[in-house]
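Below: the structure, in structure tokens.
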Amino acid sequence: MSALFPALRAATDRPALRFGAQTLTYEGLARAAGTLASRLPRTGRVAVWATPTAETAVAVVAALLAGVPAVPLNPRIGSGELHHILGDSRPALVLAGAGDELPREMADLTRIDVDVRAPGGRQAQEAVTDPEAAALIVYTSGTTGPPKGAVLSRRAVAASLDALATAWAWTRDDVLVHGLPLFHVHGLVLGVLGPLRRGGEVRHLGGFSVEGVAKELGEGGGTMLFGVPTMYHRLAEALPHEPALVRALTAARLLVSGSAALPVHDHERITAATGRTVIERYGMTETLMLCSLGVTPQTPASVPVGSGPRPGSVGLPLDGVELRLVEEDGSVLPEPDGETVGEIQVRGPNLFTAYLNRPDATAAAFTPDGWFRTGDMAVREPDGYVRIVGRKATDLIKSGGYKIGAGEIENALLEHPGVREAAVTGAPDADLGERIVAWVVPADPADPPSAEALAGHVSALLAPHKRPREVRYLEALPRNDMGKILKKALGEQALREQALRDRG
Ligand code: MCA
Ligand code: AMP
């Protein structure tokens, strides 16, 4: 396989990374990452304390140059989840920013501070050329148990980024703006490795803000914006009273949303205010990118290739991606008809290699003939466009674009002394898509733990984005004759109550 980052070899003075006031050219990045790579082991794995900084980008590029798989860690990770990931991935060392305070769980781990201004003259040579070699291990939640580490090969990363480049006419002249976290595929693979593979620039906002987008996109120089639907929702809310934001979105070449479905209402509000259509793309940690609406260099993003804008659609499978819909009984839907719902199953060079240390889960994720079961339910329009209509598992919640397993939150809640029983569901939320609702039977009904206490408990154990946004107290959880919790009944109860609130 050719190099992952050809532009690093050329090491020009074109900008590669911009994080706030800090800019690194390709020459600077080649130097910093090349110097760091020379200090890394060639075997095992390295953890990256993935703050939204240039240090994280340099650390991951260095690991890729050295050919040692990087394990990005959420810098807000809680103790239980960190313990699990460290035990599962057993990194040889951790790469962090000089000022970062690491949790005590990492005290015994060798630490290398990333120097983005490294003066050394190391060549940024990629030590590994095997396309099947692991590039990243990204942890992702499932319906039960702790998160699993998806092993992503260099082949998968390159294939997926190149397919996006074709679909979006993405070139070295693009300047990508975003404020996504750097410990998931969206922000790290698409948002950092994507521009670097093209030889273009990424401008990271440090964290998402409406003001940041308005400043960097358009007149600020940014040509593309990546975000999750929650971010576009917040932009849509701000548009009526932010003329600078209207100008910025209108001037951008491409606005892309992914990680969850962008509600049609937000699509429409953005189009009404700016004349632009947000391009939706669909992907998954295990599969990287699967589908997208496309554009051509001549066609602005306001006119997707095909038959015009289609809010609610994630477009066509990307280059190299084979996609089929499969019914409950395992039969493959023959012709796209725009109405029959099936599970999306996929094959292609963009797929992950395995779940780390989990041959059982890896085997279960594929059909006997090698198709990956996404668990997403969809219909295909007669012209092949894919419309996602839901998910197979009710125990997976997408909140703010993060995938969160109900089981991991329930287990965390049960570790709280004030909780006797717990069930977790997702409730529709205009901002987050879904919000996490905890149904709790308190150990002492006279003195239940407060919602804040439970949110703090889950944040400390898992991560802040996994905390319940709402806690409901019950005397008992509804169960069937087998003792199984009736989540559907809880969800319906929440919906009924919300409908009453909305009406009132
Ligand atoms: C509040 N906070 C707390 C607590 N309560 N911290 C600790 N304990 C508590 N009890 C703090 C938080 O740390 C944070 O601090 C602030 O309050 C708000 O936190 P949060 O709830 O996370 O913020 P939000 O406003 O709800 O965030 C919305 C968001 C975020 C910015 C859209 O959800 C986000 O970044 N989403 C991106 C998800 C993503 O990248 N998904 C990709 C995976 P502070 O204010 O200091 O921040 S999917 C993927 O990769 C696939 C391949 C795909 O298709 O893309
Ligand atoms: P994750 O495992 O965190 O990478 O999340 C992947 C999941 O996010 C997919 O299986 C889908 O359920 C969801 N997803 C990603 N992009 C979209 C999209 N454009 N529309 C609807 N769902 C999406």
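Within each chain, counting starts at residue 1; across the structure tokens, chains are named A, B, ... in the order shown, with ligands numbered 1 upward in that order.
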
- Message: At a cut-off of 7 Å around ligand 2, and using only C-alpha atoms and all ligand atoms, what residues come up? Please write them as a VMD selection string.
- Response: chain A and resid 140 to 141 185 257 to 262 280 to 286 314 374 to 376 388 391 402 to 403

- Do you know which residues are within 8 Å of ligand 1 using only C-alpha atoms and all ligand atoms? Can you write them as a PyMOL selection string? chain A and resi 76+179-187+207-208+227-231+258-260+281-289+399-403+432+452-460+463-465+467

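The residue that comes closest to Glu219 of chain A, out of A:Ile77, A:Pro131, A:Ala248, A:Val46 and on the basis of only C-alpha atoms, is A:Ala248.
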
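Remark: for Pro334 of chain A, the closest of the candidate residues A:Pro41, A:Val379, A:Pro428, A:Gly97 is A:Val379 (distances computed over only C-alpha atoms).
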
- Task: Would you list the contacts of Leu351 of chain A as a PyMOL selection string, taking every protein, DNA or RNA residue within 9 Å and counting only C-alpha atoms, but skipping same-chain residues closer than 2 positions in sequence?
- Result: chain A and resi 152-153+155-157+160+285-289+346-349+353+372

- Task: Determine which residues of segment 21-159 of chain A receive a DSSP assignment of strand (DSSP E), computed from the backbone, and state them as a PyMOL selection string.
- Result: chain A and resi 22-25+46-49+70-73+93-96+110-113+134-140+148-153

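The gap separating atom CA of Tyr139 of chain A from atom CA of Leu73 of chain A is 8.5 Å, in Å to one decimal.
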
Determine, counting only C-alpha atoms, which protein, DNA and RNA residues have an atom within 10 Å of an atom of Ala165 of chain A; residues of the same chain fewer than 3 positions away are not included. Present the result as a JSON list (two decimals) with N, CA and C atoms, in the first residue's frame.
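result18.json written:
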[["chain", "number", "residue", "atom", "x", "y", "z"],
["A", 159, "ALA", "N", -8.95, 3.38, 2.51],
["A", 159, "ALA", "CA", -10.06, 3.12, 1.58],
["A", 159, "ALA", "C", -11.22, 4.06, 1.87],
["A", 160, "SER", "N", -11.52, 4.23, 3.16],
["A", 160, "SER", "CA", -12.68, 5.04, 3.50],
["A", 160, "SER", "C", -12.43, 6.52, 3.18],
["A", 161, "LEU", "N", -11.25, 7.00, 3.52],
["A", 161, "LEU", "CA", -10.96, 8.41, 3.25],
["A", 161, "LEU", "C", -10.92, 8.69, 1.75],
["A", 162, "ASP", "N", -10.42, 7.75, 0.98],
["A", 162, "ASP", "CA", -10.35, 7.97, -0.47],
["A", 162, "ASP", "C", -11.74, 7.92, -1.10],
["A", 168, "TRP", "N", -16.99, 13.56, -2.42],
["A", 168, "TRP", "CA", -17.13, 14.97, -2.05],
["A", 168, "TRP", "C", -16.18, 15.89, -2.81],
["A", 169, "ALA", "N", -15.43, 15.32, -3.77],
["A", 169, "ALA", "CA", -14.44, 16.12, -4.50],
["A", 169, "ALA", "C", -13.53, 16.84, -3.50],
["A", 170, "TRP", "N", -13.10, 16.10, -2.51],
["A", 170, "TRP", "CA", -12.31, 16.63, -1.39],
["A", 170, "TRP", "C", -10.84, 16.68, -1.81],
["A", 171, "THR", "N", -10.24, 17.86, -1.77],
["A", 171, "THR", "CA", -8.86, 18.01, -2.26],
["A", 171, "THR", "C", -7.97, 18.70, -1.23],
["A", 194, "GLY", "N", -8.35, 12.68, 7.65],
["A", 194, "GLY", "CA", -8.93, 12.98, 6.33],
["A", 194, "GLY", "C", -8.19, 14.12, 5.63],
["A", 195, "PRO", "N", -8.17, 15.31, 6.24],
["A", 195, "PRO", "CA", -7.44, 16.42, 5.60],
["A", 195, "PRO", "C", -5.96, 16.11, 5.39],
["A", 197, "ARG", "N", -4.53, 13.24, 4.84],
["A", 197, "ARG", "CA", -4.33, 12.33, 3.69],
["A", 197, "ARG", "C", -4.45, 13.09, 2.37],
["A", 198, "ARG", "N", -5.28, 14.11, 2.36],
["A", 198, "ARG", "CA", -5.45, 14.90, 1.13],
["A", 198, "ARG", "C", -4.35, 15.95, 0.97],
["A", 294, "GLY", "N", -23.40, 12.83, -2.67],
["A", 294, "GLY", "CA", -22.15, 13.25, -3.29],
["A", 294, "GLY", "C", -22.24, 14.62, -3.90]]

- Using atom CA of Glu55 of chain A and atom CA of Pro72 of chain A as the two end points, give the distance in Å to one decimal. 12.2 Å

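Counting only C-alpha atoms, Gln125 of chain A has the following residues at most 9 Å away, ignoring those fewer than 4 positions along the same chain: A:Ala3, A:Leu8, A:Arg9, A:Ala30, A:Gly34, A:Leu65, A:Ala66.
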
- Item | Within 12 Å of His84 of chain A using only C-alpha atoms, minus same-chain residues under 6 positions, as a list in words |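 That gives Leu73, Ile77, Gly78, Arg90, Glu105, Tyr139, Gly145, Pro146, Pro147, Lys148, Gly149, Glu408, Leu461 and Leu462 of chain A.
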
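Atom to atom, atom CA of Asp88 of chain A and atom CA of Ala107 of chain A stand 16.9 Å apart.
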
- Write out as a list in words each polymer residue whose atoms come within 7 Å of segment 13-20 of chain A, counting only C-alpha atoms; drop sequence neighbours fewer than 3 positions from it.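 Surrounding residues, per the criterion: Thr23, Leu24, Thr25, Tyr26, Glu27, Thr53, Ala54, Leu196, Gly200, Glu201, Val202, Arg203, His204, Leu205 and Gly206 of chain A.
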
- Which of A:Thr274, A:Ser89, A:Asn74, A:Gln498 sits closest to Leu102 of chain A [using only C-alpha atoms]: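 Of A:Thr274, A:Ser89, A:Asn74, A:Gln498, the one nearest Leu102 of chain A, counting only C-alpha atoms, is A:Asn74.
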
- So, counting only C-alpha atoms, which residue among A:Ala244, A:Asn357, A:Val341, A:Asp369 is closest to Gly390 of chain A? A:Val341

- Return as a PyMOL selection string the full set of residues in segment 30-254 of chain A whose backbone-based DSSP assignment is alpha helix (DSSP H). chain A and resi 30-37+54-66+79-89+154-168+194-198+210-216+229-238+243-251

- Query: Counting only C-alpha atoms, which of A:Lys466, A:Asp447, A:Ala96, A:Val424 gets nearest to Leu490 of chain A?
  - Reply: A:Val424
